[in-house]
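Presented below is the structure to which this report refers.
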Amino acid sequence: MSLEYYLILSALLFTIGVIGVLIRRNAIIIFMCIELMLNAANLAFVAISRSLGDADGQLFVFFVMAVAAAEVAIGLAIIVSVFKHRETINVDEVNSLKG
Amino acid sequence: MTAEMILFFIFGAVSLIGAISVISFRHPIYSALSLIVTFFSQAGLFVLLGAHFVAAVQVIVYAGAIMVLFLFVIMLLNLGTLSAQGALTGKLKGVAVVLGILLAAQGIFIAVNAFTDTEVGSADAMERATARVTNPIETSDIGELLFTEYLLPFEVTSLILLAALIGVIVLVKRDNQTES
């Protein structure tokens with residue numbers, strides 16, 4: 001089982017996340033797609049860690065997970081407060097900062 | 001076709017189908033449930049790679065804590081009643097999908113070519129790596145590294161979580177003041 005299969009799967013999952021961010025307008029689904037991309041990166045980390053026989057890659061996964069958890073907590077709090085003020089979480093309608 | 005390969009293709013296919021479902025369902029609840037499927041199959045892939053502790057943390061943190069947070073917010077905001085929050089349509093969607101396919105092609109190209117001439121990428125590198133390391137990566141190795149070489153990043157991680165905690169409290173508190 002070579003490294004390439006895992007890296008290709010990781011690239012495909014990352015791309016699906018990118019397409020999701022591009023085509024969906026719902027802020028919560030955009031957040032889920034960001035999680036998907038972080039997970040794809042984790043998969044590449046673990047696969048390369050295994051291939052090198054080195055535990056460092058797995059440690060980076062824990063740091064990525066901690067950052068993802070913090071990001072989700074903050075992001076969802078922002079989404080909730082935006083929803084309270086605007087009654088929508090469609091990212092096209094939340095455009096107060098548009099120049 | 002070894003057992004590992006069959007399991008890889010099963011878990012890989014399930015995680016890809018789950019990921020595609022995340023971006024194609026209209027209702028956020030269905031997307032969240034598909035995301036849980038993807039996270040679980042990725043935990044399976046981590047087990048295949050011998051990273052048992054990462055797999056356990058994946059299930060506990062991602063499929064557990066983070067998805068509960070997502071489902072909680074979706075249900076709190078009652079988003080099912082808001083209909084006009086689907087995907088882009090028409091030309092823009094086509095452009096996005098074409099760009100995405102180009103990105104996927106780039107990623108696959110890199111994955112196939114980046115390691116071809118190196119020792120890491122040769123077909124049986126993983127078997128040899130497993131054989132070379134007398135004992136494969138175990139949870140105790142991870143713990144040892146985490147509290148010696150990576151102690152500073154570990155402590156900084158706790159600061160990040162503290163900052164997130166305080167940030168969330170501030171965000172929620174400000175809302176209470178404006179309402180009252």
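By order of appearance in the structure tokens: chains A, B, ..., then residues from 1 within every chain, and ligands from 1 in the order shown.
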Subject >> Selection: 12 Å around Ile48 in chain A, only C-alpha atoms, excl. self and same-chain fewer than 4 positions, as a ChimeraX atom specification >> reply: /A:2-7,10,41-44,52-58,60-61 /B:46,49-51,111,115,119-121,125-126,129
Since we have the selection now, will you write its residues out, keeping N, CA and C atoms, as a compact mmCIF listing (two decimals), in the first residue's frame?
```txt
# COMPACT_ATOMS: atom_id res chain seq x y z
N SER A 2 0.98 1.91 -1.12
CA SER A 2 1.97 2.99 -1.19
C SER A 2 1.36 4.32 -0.73
N LEU A 3 2.28 5.25 -0.49
CA LEU A 3 1.91 6.57 0.02
C LEU A 3 0.99 7.31 -0.93
N GLU A 4 1.19 7.08 -2.25
CA GLU A 4 0.45 7.86 -3.24
C GLU A 4 -1.06 7.78 -3.06
N TYR A 5 -1.57 6.56 -2.77
CA TYR A 5 -3.02 6.40 -2.65
C TYR A 5 -3.57 7.35 -1.59
N TYR A 6 -2.89 7.38 -0.44
CA TYR A 6 -3.36 8.23 0.64
C TYR A 6 -3.28 9.70 0.25
N LEU A 7 -2.19 10.08 -0.44
CA LEU A 7 -2.05 11.49 -0.81
C LEU A 7 -3.10 11.88 -1.85
N SER A 10 -6.28 12.31 -0.06
CA SER A 10 -6.22 13.57 0.68
C SER A 10 -6.46 14.76 -0.24
N ALA A 41 -5.77 17.51 5.25
CA ALA A 41 -4.37 17.79 5.60
C ALA A 41 -3.89 16.80 6.66
N ASN A 42 -4.78 16.49 7.65
CA ASN A 42 -4.41 15.53 8.68
C ASN A 42 -4.09 14.18 8.08
N LEU A 43 -4.90 13.77 7.09
CA LEU A 43 -4.67 12.47 6.47
C LEU A 43 -3.30 12.44 5.80
N ALA A 44 -2.94 13.52 5.12
CA ALA A 44 -1.62 13.57 4.46
C ALA A 44 -0.52 13.51 5.51
N LEU A 52 7.51 7.67 6.68
CA LEU A 52 8.85 7.99 7.17
C LEU A 52 9.20 7.23 8.44
N GLY A 53 8.20 6.58 9.05
CA GLY A 53 8.43 5.92 10.32
C GLY A 53 8.76 6.90 11.43
N ASP A 54 8.12 8.07 11.39
CA ASP A 54 8.46 9.18 12.26
C ASP A 54 7.17 9.68 12.92
N ALA A 55 7.20 9.88 14.24
CA ALA A 55 5.96 10.24 14.95
C ALA A 55 5.62 11.72 14.85
N ASP A 56 6.50 12.55 14.29
CA ASP A 56 6.25 13.99 14.29
C ASP A 56 4.96 14.36 13.56
N GLY A 57 4.69 13.68 12.44
CA GLY A 57 3.49 13.98 11.67
C GLY A 57 2.24 13.82 12.50
N GLN A 58 2.22 12.77 13.34
CA GLN A 58 1.03 12.56 14.16
C GLN A 58 0.86 13.65 15.20
N PHE A 60 1.67 16.81 14.73
CA PHE A 60 1.10 17.97 14.05
C PHE A 60 -0.41 17.83 13.94
N VAL A 61 -0.87 16.57 13.76
CA VAL A 61 -2.31 16.35 13.66
C VAL A 61 -3.01 16.83 14.93
N PHE B 46 -6.99 6.20 9.57
CA PHE B 46 -5.89 6.41 10.52
C PHE B 46 -5.51 5.08 11.17
N LEU B 49 -3.36 3.20 8.95
CA LEU B 49 -2.01 3.75 8.92
C LEU B 49 -1.26 3.48 10.22
N GLY B 50 -1.89 2.78 11.17
CA GLY B 50 -1.22 2.46 12.41
C GLY B 50 -1.24 3.57 13.43
N ALA B 51 -2.02 4.63 13.17
CA ALA B 51 -2.09 5.76 14.11
C ALA B 51 -3.34 5.60 14.97
N ALA B 111 0.86 14.61 -5.76
CA ALA B 111 0.92 13.38 -4.95
C ALA B 111 1.63 12.27 -5.70
N PHE B 115 7.14 12.34 -4.87
CA PHE B 115 8.01 11.41 -4.15
C PHE B 115 8.56 10.30 -5.04
N GLU B 119 13.24 8.00 -1.55
CA GLU B 119 13.07 6.72 -0.87
C GLU B 119 11.67 6.60 -0.27
N VAL B 120 11.10 7.77 0.12
CA VAL B 120 9.81 7.77 0.79
C VAL B 120 8.72 7.24 -0.12
N GLY B 121 8.81 7.61 -1.41
CA GLY B 121 7.67 7.36 -2.28
C GLY B 121 7.69 6.01 -2.97
N ALA B 125 7.76 1.52 0.38
CA ALA B 125 8.43 2.31 1.42
C ALA B 125 7.76 2.11 2.77
N MET B 126 6.42 2.02 2.76
CA MET B 126 5.72 1.90 4.05
C MET B 126 6.06 0.58 4.72
N ALA B 129 9.51 0.94 5.98
CA ALA B 129 9.57 1.84 7.14
C ALA B 129 9.08 1.11 8.38
```
**OP:** Please provide the set of residues having any atom within 12 Å of range 28-33 of chain B, restricted to only C-alpha atoms, with same-chain residues fewer than 3 positions apart removed, written as JSON, numbers by chain.
**Re:** {"A": [20, 24, 25, 26, 27, 28, 29, 30, 31, 32, 33, 35, 36, 89], "B": [17, 18, 19, 20, 21, 22, 23, 24, 25, 36, 37, 38, 39, 40, 62, 63, 64, 66, 67, 68, 69, 70, 71, 72, 73, 74, 75, 76, 77, 78, 79, 80, 81, 82, 83, 85, 86, 87]}
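Near Leu13 in chain A, within 9 Å and counting only C-alpha atoms, sit Ile8, Leu9, Ser10, Ile16, Gly17, Val18, Leu36, Met37, Asn39 and Ala40 of chain A; Ser15, Leu16, Ala19, Ile20 and Ala104 of chain B; same-chain residues fewer than 3 positions away were not included.
Atom to atom, CA of Asn90 in chain A and CA of His27 in chain B stand 13.3 Å apart.
Counting only C-alpha atoms, the residue from B:Val14, B:Ile6, B:Val170, B:Val97 that sits nearest to chain A is B:Val97.
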**OP:** Would you kindly return, as a ChimeraX atom specification, each protein, DNA or RNA residue with an atom no farther than 12 Å from any atom of Glu71 in chain A, considering only C-alpha atoms and excluding same-chain residues fewer than 3 positions away?
**Re:** /A:31-32,34-35,38,64-68,74-79 /B:66,69,160-165,167-168
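With only C-alpha atoms as the atoms that count, the minimum distance from Phe45 in chain A to the choices B:Ile60, B:Val54, B:Leu159, B:Ile142 is reached by B:Val54.
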Original post:
Which value, in Å to one decimal, gives the distance between CA of Val91 in chain A and CA of Ala11 in chain A?
Top reply: 26.0 Å
